[in-house]
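Data block for run-v6.txt (compact mmCIF, C-alpha atoms):
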# COMPACT_ATOMS: atom_id res chain seq x y z
CA MET A 194 226.06 -80.18 152.87
CA SER A 195 228.70 -77.47 152.52
CA VAL A 196 231.64 -76.87 150.23
CA ALA A 197 234.77 -74.94 151.13
CA ILE A 198 236.44 -73.37 148.10
CA VAL A 199 239.97 -72.69 149.26
CA ASP A 200 241.21 -69.21 148.40
CA CYS A 201 244.61 -70.12 146.95
CA GLY A 202 245.48 -66.50 146.21
CA GLY A 203 244.77 -66.52 142.48
CA ALA A 204 242.18 -64.62 140.51
CA ASN A 205 238.85 -66.02 139.30
CA LEU A 206 237.37 -68.01 142.14
CA ARG A 207 234.04 -66.81 140.83
CA SER A 208 233.65 -69.48 138.14
CA VAL A 209 234.09 -72.36 140.59
CA ALA A 210 231.75 -70.66 143.07
CA THR A 211 229.12 -70.10 140.38
CA SER A 212 229.26 -73.75 139.32
CA ILE A 213 228.61 -74.89 142.91
CA GLU A 214 225.89 -72.28 143.38
CA ARG A 215 224.10 -73.60 140.28
CA LEU A 216 223.89 -77.00 141.97
CA GLN A 217 222.17 -75.19 144.87
CA ILE A 218 224.81 -76.31 147.34
CA PRO A 219 225.97 -73.88 150.06
CA TYR A 220 229.62 -72.89 149.75
CA LEU A 221 232.12 -70.49 151.18
CA ILE A 222 235.36 -69.12 149.79
CA THR A 223 237.93 -69.25 152.56
CA ASP A 224 241.55 -69.55 153.61
CA ASN A 225 240.59 -70.14 157.24
CA SER A 226 241.77 -73.56 158.47
CA ASP A 227 238.81 -74.16 160.82
CA GLU A 228 236.30 -73.47 158.07
CA ILE A 229 238.16 -75.77 155.69
CA ILE A 230 238.38 -78.60 158.24
CA LYS A 231 234.67 -78.32 159.07
CA ALA A 232 233.42 -78.35 155.45
CA GLN A 233 231.95 -81.54 154.06
CA TYR A 234 233.72 -81.09 150.73
CA VAL A 235 236.84 -79.10 149.91
CA ILE A 236 237.79 -77.71 146.49
CA LEU A 237 241.24 -76.40 145.59
CA PRO A 238 240.57 -74.25 142.51
CA GLY A 239 243.23 -73.99 139.88
CA VAL A 240 244.30 -70.53 138.93
CA GLY A 241 247.77 -69.01 138.98
CA SER A 242 251.04 -70.90 139.10
CA ALA A 243 252.21 -73.77 141.30
CA GLN A 244 254.73 -71.56 143.10
CA ASN A 245 252.21 -68.80 143.82
CA VAL A 246 249.58 -71.21 145.09
CA MET A 247 252.07 -73.05 147.34
CA LYS A 248 253.44 -69.75 148.64
CA HIS A 249 249.95 -68.60 149.51
CA LEU A 250 249.02 -71.87 151.23
CA GLU A 251 252.25 -71.84 153.24
CA SER A 252 251.75 -68.23 154.29
CA LYS A 253 248.36 -69.24 155.73
CA ASN A 254 249.75 -72.48 157.23
CA LEU A 255 247.29 -74.41 155.10
CA ASN A 256 249.72 -76.93 153.59
CA ASN A 257 249.56 -79.21 156.64
CA VAL A 258 245.83 -78.63 157.05
CA ILE A 259 245.11 -79.79 153.50
CA THR A 260 247.20 -82.95 153.65
CA GLN A 261 245.42 -84.02 156.86
CA LEU A 262 241.88 -83.56 155.50
CA LYS A 263 239.63 -86.62 155.74
CA GLN A 264 236.61 -85.40 153.73
CA PRO A 265 236.49 -85.55 149.89
CA VAL A 266 238.92 -83.02 148.38
CA LEU A 267 238.92 -81.99 144.71
CA GLY A 268 241.96 -80.27 143.21
CA ILE A 269 241.29 -78.53 139.89
CA CYS A 270 244.15 -77.91 137.40
CA ILE A 271 246.91 -76.23 139.47
CA GLY A 272 244.88 -77.36 142.50
CA MET A 273 245.47 -80.94 141.31
CA GLN A 274 249.13 -80.34 140.47
CA ILE A 275 250.01 -79.07 143.94
CA LEU A 276 248.80 -82.41 145.36
CA PHE A 277 251.88 -84.01 143.75
CA ASN A 278 255.41 -84.21 145.17
CA TYR A 279 256.94 -81.56 143.00
CA SER A 280 256.12 -79.32 140.05
CA ALA A 281 258.64 -78.27 137.44
CA GLU A 282 256.70 -74.99 137.24
CA GLY A 283 258.95 -72.68 139.24
CA ASN A 284 260.77 -75.72 140.77
CA THR A 285 258.10 -75.99 143.39
CA LYS A 286 257.91 -78.50 146.21
CA CYS A 287 254.25 -79.43 146.57
CA LEU A 288 252.01 -81.30 149.04
CA GLY A 289 253.04 -84.87 148.22
CA ILE A 290 249.69 -86.68 148.33
CA PHE A 291 250.51 -88.23 144.96
CA ASP A 292 254.01 -89.68 144.80
CA GLU A 293 254.80 -88.33 141.32
CA ASN A 294 256.00 -85.11 139.71
CA ILE A 295 254.49 -82.52 137.38
CA ASP A 296 256.38 -82.02 134.11
CA PRO A 297 256.19 -79.45 131.30
CA PHE A 298 254.78 -80.32 127.88
CA SER A 299 257.60 -79.97 125.34
CA GLU A 300 256.45 -77.44 122.79
CA SER A 301 256.86 -77.56 119.03
CA ASN A 302 255.01 -76.34 115.96
CA LEU A 303 252.98 -79.54 116.16
CA LEU A 304 252.36 -79.47 119.89
CA LYS A 305 251.24 -76.01 120.95
CA VAL A 306 251.87 -75.09 124.57
CA PRO A 307 249.79 -74.34 126.59
CA GLN A 308 247.28 -77.02 125.76
CA MET A 309 244.17 -74.87 125.37
CA GLY A 310 240.75 -76.22 124.53
CA TRP A 311 238.48 -79.25 124.75
CA ASN A 312 240.08 -82.67 124.96
CA LYS A 313 238.63 -86.14 125.32
CA VAL A 314 238.76 -87.73 128.78
CA GLU A 315 238.48 -91.50 129.17
CA PHE A 316 237.90 -93.15 132.51
CA SER A 317 239.31 -96.64 133.04
CA ASP A 318 236.69 -97.77 135.57
CA ALA A 319 233.65 -99.21 133.75
CA LYS A 320 231.29 -97.60 136.27
CA LEU A 321 232.65 -94.16 135.38
CA LYS A 322 232.42 -94.51 131.60
CA LYS A 323 229.33 -92.31 131.70
CA LEU A 324 231.66 -89.44 132.53
CA ASN A 325 233.71 -89.98 129.36
CA ASP A 326 233.38 -86.71 127.45
CA TYR A 327 235.17 -83.58 126.23
CA TYR A 328 236.40 -81.29 129.00
CA TYR A 329 238.12 -77.89 128.90
CA PHE A 330 241.88 -77.77 129.53
CA ALA A 331 244.31 -74.85 129.82
CA ASN A 332 247.69 -76.13 131.00
CA SER A 333 251.39 -76.12 130.17
CA PHE A 334 252.31 -78.80 132.75
CA TYR A 335 250.94 -82.30 133.22
CA ALA A 336 251.08 -85.50 135.27
CA LYS A 337 252.02 -88.66 133.42
CA THR A 338 249.82 -91.71 133.83
CA PHE A 339 250.57 -93.79 136.95
CA ASN A 340 248.79 -96.08 139.41
CA SER A 341 246.47 -93.33 140.72
CA THR A 342 245.27 -92.36 137.23
CA LYS A 343 241.47 -92.65 136.98
CA ALA A 344 241.09 -91.08 133.55
CA MET A 345 243.55 -90.26 130.81
CA SER A 346 243.74 -87.96 127.82
CA GLU A 347 246.25 -87.39 125.04
CA TYR A 348 248.21 -84.33 124.11
CA GLY A 349 251.23 -85.52 122.18
CA ILE A 350 251.56 -88.09 124.94
CA ALA A 351 249.10 -89.80 127.28
CA PHE A 352 248.63 -87.88 130.54
CA SER A 353 246.48 -88.09 133.69
CA SER A 354 243.30 -86.06 133.37
CA VAL A 355 241.80 -87.45 136.61
CA VAL A 356 243.72 -88.89 139.55
CA GLN A 357 242.52 -90.29 142.85
CA LYS A 358 244.09 -91.49 146.07
CA ASP A 359 241.90 -92.11 149.12
CA ASN A 360 239.79 -88.96 149.68
CA PHE A 361 241.84 -86.84 147.24
CA LEU A 362 240.49 -86.43 143.73
CA GLY A 363 242.24 -84.28 141.14
CA CYS A 364 241.31 -83.21 137.63
CA GLN A 365 243.57 -81.48 135.14
CA PHE A 366 240.63 -79.96 133.28
CA HIS A 367 238.31 -77.21 134.50
CA PRO A 368 234.91 -78.78 135.31
CA GLU A 369 233.51 -75.31 136.04
CA LYS A 370 234.20 -74.40 132.39
CA SER A 371 233.31 -77.73 130.79
CA ALA A 372 229.61 -77.17 130.07
CA GLU A 373 227.31 -80.11 130.91
CA ALA A 374 230.17 -82.63 131.14
CA GLY A 375 231.69 -80.49 133.88
CA VAL A 376 228.40 -80.35 135.77
CA ARG A 377 228.21 -84.17 135.73
CA PHE A 378 231.79 -84.45 136.97
CA LEU A 379 231.16 -82.00 139.85
CA LYS A 380 228.02 -83.93 140.81
CA TYR A 381 230.09 -87.13 140.82
CA PHE A 382 232.57 -85.51 143.24
CA LEU A 383 229.79 -84.13 145.43
CA THR A 384 228.24 -87.56 145.91
CA LYS A 385 231.46 -88.99 147.36
CA SER A 386 231.62 -89.70 151.07
CA MET B 25 243.65 -85.23 120.89
CA ILE B 26 242.46 -81.71 121.48
CA THR B 27 239.55 -80.55 119.33
CA LYS B 28 239.36 -77.54 117.02
CA ARG B 29 237.48 -74.66 118.61
CA ILE B 30 234.60 -72.63 117.18
CA ILE B 31 234.60 -69.22 118.83
CA PRO B 32 231.86 -66.62 118.32
CA CYS B 33 233.24 -63.13 118.84
CA LEU B 34 230.99 -60.47 120.29
CA ASP B 35 232.07 -56.87 119.81
CA VAL B 36 230.71 -54.87 122.72
CA ARG B 37 230.02 -51.16 122.69
CA ASP B 38 228.15 -49.39 125.50
CA GLY B 39 226.86 -52.71 126.82
CA HIS B 40 225.49 -53.98 123.49
CA VAL B 41 226.83 -56.44 120.95
CA VAL B 42 227.66 -54.60 117.71
CA LYS B 43 229.17 -55.50 114.35
CA GLY B 44 230.71 -53.37 111.64
CA ILE B 45 232.48 -54.01 108.37
CA GLN B 46 236.27 -53.70 108.42
CA PHE B 47 236.08 -52.12 111.88
CA LYS B 48 233.66 -49.38 110.75
CA ASN B 49 229.94 -48.50 110.87
CA HIS B 50 228.95 -50.51 113.94
CA LYS B 51 225.34 -51.61 114.29
CA ILE B 52 223.70 -53.11 117.41
CA VAL B 53 223.01 -56.83 116.94
CA GLY B 54 221.75 -57.89 120.38
CA SER B 55 222.13 -58.19 124.14
CA ILE B 56 225.37 -59.55 125.58
CA VAL B 57 223.79 -61.97 128.02
CA ASP B 58 221.22 -63.35 125.57
CA LEU B 59 223.80 -63.99 122.87
CA ALA B 60 226.32 -65.46 125.32
CA LYS B 61 223.71 -67.89 126.59
CA LYS B 62 222.52 -68.80 123.12
CA TYR B 63 225.99 -69.55 121.72
CA SER B 64 227.00 -71.47 124.81
CA GLN B 65 223.89 -73.67 124.60
CA GLU B 66 224.43 -74.24 120.87
CA GLY B 67 227.86 -75.74 121.53
CA ALA B 68 230.29 -72.84 121.11
CA ASP B 69 233.66 -73.93 122.51
CA GLU B 70 234.56 -70.54 123.84
CA LEU B 71 233.45 -66.90 123.54
CA VAL B 72 235.41 -63.71 122.99
CA PHE B 73 234.04 -60.33 124.07
CA TYR B 74 235.85 -57.41 122.54
CA ASP B 75 235.04 -54.10 124.20
CA ILE B 76 235.58 -51.68 121.36
CA THR B 77 234.54 -48.67 123.43
CA ALA B 78 237.40 -49.07 125.82
CA SER B 79 240.49 -49.49 123.75
CA THR B 80 240.67 -46.23 121.86
CA ASP B 81 239.23 -43.41 123.94
CA GLY B 82 241.71 -43.77 126.80
CA SER B 83 239.09 -44.34 129.48
CA THR B 84 238.49 -47.34 131.70
CA VAL B 85 234.99 -48.50 130.88
CA SER B 86 232.93 -50.37 133.45
CA LYS B 87 233.23 -54.11 132.90
CA GLU B 88 230.26 -54.97 135.10
CA TRP B 89 228.80 -56.95 132.17
CA VAL B 90 231.64 -59.48 132.48
CA SER B 91 230.13 -60.86 135.70
CA ARG B 92 226.70 -61.13 134.08
CA ILE B 93 228.25 -63.35 131.39
CA SER B 94 229.98 -65.51 133.95
CA ASP B 95 226.64 -65.97 135.76
CA VAL B 96 224.91 -67.45 132.69
CA ILE B 97 227.53 -69.60 130.89
CA ASN B 98 229.83 -72.46 131.86
CA ILE B 99 232.28 -72.41 128.99
CA PRO B 100 235.49 -70.39 128.87
CA PHE B 101 235.47 -66.79 127.73
CA CYS B 102 237.99 -64.11 126.97
CA VAL B 103 237.64 -60.34 127.33
CA ALA B 104 239.52 -57.92 125.09
CA GLY B 105 239.71 -54.17 124.92
CA GLY B 106 241.12 -51.51 127.22
CA ILE B 107 243.28 -53.79 129.37
CA LYS B 108 246.44 -51.82 130.05
CA SER B 109 247.75 -53.13 133.37
CA VAL B 110 247.96 -56.12 135.70
CA ASN B 111 245.23 -54.53 137.81
CA ASP B 112 242.91 -54.10 134.81
CA ALA B 113 243.40 -57.79 134.01
CA ARG B 114 242.88 -58.87 137.63
CA SER B 115 239.54 -57.10 137.89
CA ILE B 116 238.31 -58.77 134.70
CA LEU B 117 239.52 -62.23 135.75
CA ASN B 118 237.89 -61.73 139.16
CA LEU B 119 234.60 -60.97 137.41
CA GLY B 120 234.78 -64.49 135.94
CA ALA B 121 236.67 -64.20 132.64
CA ASP B 122 239.22 -66.95 131.92
CA LYS B 123 241.54 -64.96 129.74
CA VAL B 124 242.27 -61.41 128.77
CA SER B 125 243.31 -60.43 125.29
CA ILE B 126 245.55 -57.45 124.77
CA ASN B 127 246.40 -55.74 121.52
CA THR B 128 247.50 -52.07 121.39
CA PRO B 129 248.72 -51.95 125.03
CA ALA B 130 251.02 -54.90 124.28
CA LEU B 131 252.44 -53.09 121.24
CA GLU B 132 253.05 -49.99 123.35
CA ASN B 133 254.43 -51.88 126.35
CA PRO B 134 255.54 -55.43 125.47
CA ASN B 135 256.67 -56.05 129.04
CA LEU B 136 253.00 -56.08 130.07
CA ILE B 137 252.84 -59.54 128.49
CA ARG B 138 255.52 -60.82 130.84
CA GLU B 139 253.92 -59.19 133.88
CA LEU B 140 250.52 -60.71 133.09
CA SER B 141 251.87 -64.17 132.48
CA LEU B 142 253.93 -64.17 135.68
CA GLU B 143 250.93 -62.99 137.68
CA PHE B 144 248.15 -65.13 136.22
CA GLY B 145 249.86 -67.82 134.12
CA SER B 146 250.35 -67.72 130.37
CA GLN B 147 247.03 -69.53 129.77
CA CYS B 148 245.29 -66.27 130.77
CA VAL B 149 247.21 -64.09 128.32
CA VAL B 150 245.97 -63.82 124.75
CA ILE B 151 247.57 -61.48 122.24
CA GLY B 152 245.18 -60.05 119.67
CA MET B 153 246.88 -59.11 116.43
CA ASP B 154 245.21 -56.92 113.78
CA ILE B 155 247.22 -57.48 110.65
CA LYS B 156 247.09 -55.93 107.20
CA THR B 157 249.15 -57.29 104.37
CA ILE B 158 250.55 -54.53 102.17
CA ASP B 159 252.75 -55.41 99.16
CA GLY B 160 253.35 -58.89 100.53
CA LYS B 161 254.41 -57.74 103.99
CA SER B 162 252.19 -58.24 107.02
CA PHE B 163 252.15 -55.40 109.52
CA LEU B 164 250.52 -54.97 112.92
CA PHE B 165 247.90 -52.27 113.26
CA ALA B 166 247.15 -50.45 116.51
CA LYS B 167 244.02 -48.80 117.97
CA THR B 168 241.80 -50.51 115.44
CA GLY B 169 238.59 -50.16 117.47
CA ASN B 170 237.96 -46.80 115.84
CA GLU B 171 238.61 -45.83 112.24
CA LEU B 172 239.94 -42.42 113.30
CA THR B 173 242.67 -43.90 115.48
CA ALA B 174 243.55 -47.10 113.55
CA HIS B 175 247.06 -46.94 112.18
CA SER B 176 249.84 -49.16 110.94
CA THR B 177 252.89 -49.84 113.02
CA GLU B 178 256.23 -50.83 111.54
CA ILE B 179 256.13 -54.14 113.37
CA LEU B 180 256.06 -57.23 111.18
CA ALA B 181 253.61 -59.91 112.29
CA LEU B 182 256.27 -62.65 112.16
CA ASP B 183 258.59 -60.70 114.45
CA TRP B 184 255.77 -59.90 116.85
CA ILE B 185 254.76 -63.55 117.21
CA ARG B 186 258.34 -64.53 118.00
CA LYS B 187 258.48 -61.78 120.58
CA VAL B 188 255.19 -62.46 122.37
CA GLN B 189 256.06 -66.17 122.68
CA LYS B 190 259.27 -65.27 124.46
CA LEU B 191 257.44 -62.87 126.77
CA GLY B 192 255.03 -65.57 127.98
CA ALA B 193 251.85 -65.14 125.94
CA GLY B 194 249.54 -68.18 125.95
CA GLU B 195 247.62 -67.76 122.70
CA VAL B 196 247.43 -65.51 119.63
CA VAL B 197 244.39 -64.37 117.69
CA ILE B 198 245.30 -63.53 114.10
CA ASN B 199 242.81 -61.07 112.69
CA SER B 200 243.26 -60.36 109.01
CA MET B 201 242.10 -56.80 108.35
CA ASN B 202 242.13 -57.57 104.63
CA GLN B 203 239.50 -60.26 105.15
CA ASP B 204 237.53 -58.91 108.13
CA GLY B 205 233.83 -58.46 107.34
CA MET B 206 234.33 -59.52 103.70
CA LYS B 207 232.85 -63.00 104.22
CA ASN B 208 235.02 -64.62 101.59
CA GLY B 209 237.12 -66.85 103.82
CA TYR B 210 239.95 -66.77 106.33
CA ASP B 211 243.37 -65.50 105.27
CA ILE B 212 244.92 -68.93 104.66
CA SER B 213 248.27 -67.68 103.35
CA LEU B 214 248.76 -65.29 106.29
CA LEU B 215 247.89 -68.03 108.80
CA ASN B 216 250.29 -70.48 107.17
CA GLU B 217 253.06 -67.91 107.06
CA LEU B 218 252.65 -67.15 110.77
CA SER B 219 252.23 -70.82 111.76
CA LYS B 220 255.81 -71.47 110.71
CA VAL B 221 257.13 -69.58 113.73
CA CYS B 222 254.24 -70.04 116.18
CA THR B 223 254.37 -72.61 119.01
CA LEU B 224 251.34 -71.11 120.79
CA PRO B 225 247.72 -71.99 120.12
CA MET B 226 246.61 -69.83 117.19
CA ILE B 227 243.08 -68.62 116.46
CA ALA B 228 242.03 -67.50 112.96
CA SER B 229 239.86 -64.40 112.71
CA GLY B 230 238.35 -62.35 109.90
CA GLY B 231 236.52 -63.47 106.80
CA ALA B 232 234.16 -66.30 107.82
CA GLY B 233 231.07 -66.28 105.62
CA SER B 234 230.13 -69.94 105.18
CA ASP B 235 230.72 -73.40 106.61
CA ASP B 236 233.21 -74.04 103.78
CA HIS B 237 235.44 -71.32 105.20
CA PHE B 238 235.70 -73.17 108.52
CA ILE B 239 236.42 -76.46 106.75
CA ASN B 240 239.03 -74.73 104.61
CA VAL B 241 240.87 -73.08 107.49
CA PHE B 242 241.10 -76.30 109.53
CA ALA B 243 241.96 -78.49 106.54
CA ASN B 244 244.63 -76.16 105.16
CA THR B 245 246.25 -74.51 108.17
CA ASN B 246 247.48 -75.55 111.59
CA VAL B 247 245.16 -73.20 113.55
CA ASP B 248 243.53 -74.38 116.77
CA GLY B 249 240.34 -72.39 116.54
CA ALA B 250 238.31 -70.19 114.25
CA LEU B 251 236.63 -67.02 115.40
CA ALA B 252 233.63 -65.48 113.68
CA ALA B 253 230.99 -62.86 114.36
CA SER B 254 228.42 -61.82 111.78
CA ILE B 255 227.83 -65.30 110.37
CA PHE B 256 226.46 -66.22 113.80
CA HIS B 257 224.88 -62.88 114.76
CA ASN B 258 222.92 -62.75 111.49
CA ASN B 259 221.66 -66.31 112.06
CA GLU B 260 223.08 -67.42 108.73
CA TYR B 261 224.55 -70.50 110.40
CA SER B 262 224.20 -71.90 113.90
CA ILE B 263 227.23 -73.24 115.76
CA GLN B 264 225.73 -76.68 115.26
CA ASP B 265 225.50 -76.16 111.46
CA ILE B 266 229.21 -75.38 111.36
CA LYS B 267 230.10 -78.32 113.58
CA THR B 268 228.02 -80.73 111.52
CA SER B 269 229.84 -79.66 108.36
CA LEU B 270 233.22 -79.94 110.08
CA GLN B 271 232.42 -83.37 111.42
CA SER B 272 231.40 -84.69 108.02
CA ASN B 273 234.76 -83.43 106.76
CA LYS B 274 236.60 -85.39 109.47
CA ILE B 275 237.71 -82.31 111.41
CA ASN B 276 238.19 -83.19 115.09
CA ILE B 277 235.63 -81.18 117.06
CA ARG B 278 233.71 -81.41 120.34
CA THR B 279 230.42 -83.02 119.41
CA SER B 280 228.73 -83.11 122.83
CA LEU B 281 227.14 -80.11 124.52
Can you present the structure in this file as structure tokens?
Amino acid sequence: MSVAIVDCGGANLRSVATSIERLQIPYLITDNSDEIIKAQYVILPGVGSAQNVMKHLESKNLNNVITQLKQPVLGICIGMQILFNYSAEGNTKCLGIFDENIDPFSESNLLKVPQMGWNKVEFSDAKLKKLNDYYYFANSFYAKTFNSTKAMSEYGIAFSSVVQKDNFLGCQFHPEKSAEAGVRFLKYFLTKS
Amino acid sequence: MITKRIIPCLDVRDGHVVKGIQFKNHKIVGSIVDLAKKYSQEGADELVFYDITASTDGSTVSKEWVSRISDVINIPFCVAGGIKSVNDARSILNLGADKVSINTPALENPNLIRELSLEFGSQCVVIGMDIKTIDGKSFLFAKTGNELTAHSTEILALDWIRKVQKLGAGEVVINSMNQDGMKNGYDISLLNELSKVCTLPMIASGGAGSDDHFINVFANTNVDGALAASIFHNNEYSIQDIKTSLQSNKINIRTSL
């Protein structure tokens, strides 16, 4: 088993790498298309902004590579958001796996933006209820709930905290920073085939 | 909804965790990695490491210890102290930190806030604010890591919050110098005054001495987290003790580990 952590150009790939290493699974951090295609699992880590991540992927010609992947792919935070059609963050056209857009939270004294901290995640599928827990979020943009929503959370409004379509799984939270709940979620992803 | 965060703060000097009273007379309280691991396992929601060696003597201190923290915990953590540039921040984030907190360098060069948030996203950019209330007015203090360099600025805390929000900060830590180390509760009136203009997550700091102080700050202000040091370092309360008290007072917290 091997995991390719895609170098999307942002800082802090170390936390995702450490979380995979703790599961004693071989991984590599790469922006090489052959290595990504060959990996059994692919993770798009979520650091930076939608526009910077898309710019980096395009400069490495990885946008088409990623959309064609057949193995399980996990997008984390921004890594999830760039799987959508479009992000309002920097007016960015994204990869279009999920046929929806990413919108900004509207801030107020009652709703602080960014959302920062541990929020409750509830899966709709009965078999996944064991993953219901608190996970760590740090985001100013979100996906509303739609037909690919696998788990939802609330921050002023209901939003998608986990989405899935075919082999593409996305989570708005950071499993690598979500203590034991995050470990269980990563194990769930790494048992997909 | 999002839960209230309990955040142990570890002041780091020369690779050790230290604690002083009102920023003075620092004593070693333990090893960084051991304490980080302990608090993380006890259910801390986040950790803050404040390198008090770095911020006042003008040097760039080795942050090698940041990677050792990232190797042993899987909760978010923030590093403060001595971060003066985008490159300083990048090296710390690459060592595994989730956020950087800047204080004096932001006062000296507010545009650094914008640069950091454009480069890494606002969720990485925390503004630490050391505030002293004098004759009813709350002023920012700079270079507070050392009693010889600490001094008041003429910047009012309210104005500074408005400004850092516009520049792209993602969170503010409000440290009341009047309350810090006194263990008689958070500065509720200061926090409420600043909450009126703040649309960013706000963390209370300075004054925690008992579980009642945590209950009080969450029941009577709009803060998103409460930071504390000596109450945890001295083993007066565990994280779990605080969370149990908060839960029985119907404060929304993360109960799982």
Find the spatial neighbours of range 313-318 of chain A, counting only C-alpha atoms, within a cut-off of 8 Å - ignore same-chain residues fewer than 5 positions away - and output them as a PDB file with C-alpha atoms, keeping the file's coordinate frame.
ATOM      1  CA  LEU A 324     231.660 -89.440 132.530  1.00  0.00           C
ATOM      2  CA  ASN A 325     233.710 -89.980 129.360  1.00  0.00           C
ATOM      3  CA  ASP A 326     233.380 -86.710 127.450  1.00  0.00           C
ATOM      4  CA  TYR A 327     235.170 -83.580 126.230  1.00  0.00           C
ATOM      5  CA  TYR A 328     236.400 -81.290 129.000  1.00  0.00           C
ATOM      6  CA  LYS A 343     241.470 -92.650 136.980  1.00  0.00           C
ATOM      7  CA  ALA A 344     241.090 -91.080 133.550  1.00  0.00           C
ATOM      8  CA  MET A 345     243.550 -90.260 130.810  1.00  0.00           C
ATOM      9  CA  SER A 346     243.740 -87.960 127.820  1.00  0.00           C
ATOM     10  CA  GLU A 347     246.250 -87.390 125.040  1.00  0.00           C
ATOM     11  CA  SER A 354     243.300 -86.060 133.370  1.00  0.00           C
TER      12      SER A 354
ATOM     13  CA  MET B  25     243.650 -85.230 120.890  1.00  0.00           C
ATOM     14  CA  ILE B  26     242.460 -81.710 121.480  1.00  0.00           C
TER      15      ILE B  26
END
CA of Ser252 in chain A to CA of Lys337 in chain A: how many Å, to one decimal?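 Result for CA of Ser252 in chain A versus CA of Lys337 in chain A: 29.2 Å, one decimal.
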Near Asn245 in chain A, within 12 Å and counting only C-alpha atoms, which residues show up once chain neighbours fewer than 2 positions away are dropped, as a VMD selection string? (chain A and resid 200 to 204 239 to 243 247 to 252 271 to 272 275 280 282 to 287) or (chain B and resid 142 to 145)
Coordinates-based distance that separates CA of Phe73 in chain B from CA of Thr168 in chain B (Å, one decimal):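 Calculated distance between CA of Thr168 in chain B and CA of Phe73 in chain B is 15.2 Å.
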Point out the residue among B:Ser162, B:Gln203, B:Thr279, B:Asn258 with the least atom-to-atom distance to chain A, counting all atoms listed in the file. B:Thr279
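CA of Ala68 in chain B sits 15.3 Å away from CA of Glu260 in chain B.
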Find the residues near Val96 in chain B: any atom within 10 Å, counting only C-alpha atoms, skip ones fewer than 6 places away on the same chain, and give them as number ranges by chain. A: 211, 215; B: 57-58, 60-62, 64
Could you save the residues just selected, with C-alpha atoms, as an mmCIF file, keeping the file's coordinate frame?
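This is the output file again-v2.cif:
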data_model
loop_
_atom_site.group_PDB
_atom_site.id
_atom_site.type_symbol
_atom_site.label_atom_id
_atom_site.label_comp_id
_atom_site.auth_asym_id
_atom_site.auth_seq_id
_atom_site.Cartn_x
_atom_site.Cartn_y
_atom_site.Cartn_z
ATOM 1 C CA THR A 211 229.120 -70.100 140.380
ATOM 2 C CA ARG A 215 224.100 -73.600 140.280
ATOM 3 C CA VAL B 57 223.790 -61.970 128.020
ATOM 4 C CA ASP B 58 221.220 -63.350 125.570
ATOM 5 C CA ALA B 60 226.320 -65.460 125.320
ATOM 6 C CA LYS B 61 223.710 -67.890 126.590
ATOM 7 C CA LYS B 62 222.520 -68.800 123.120
ATOM 8 C CA SER B 64 227.000 -71.470 124.810
#
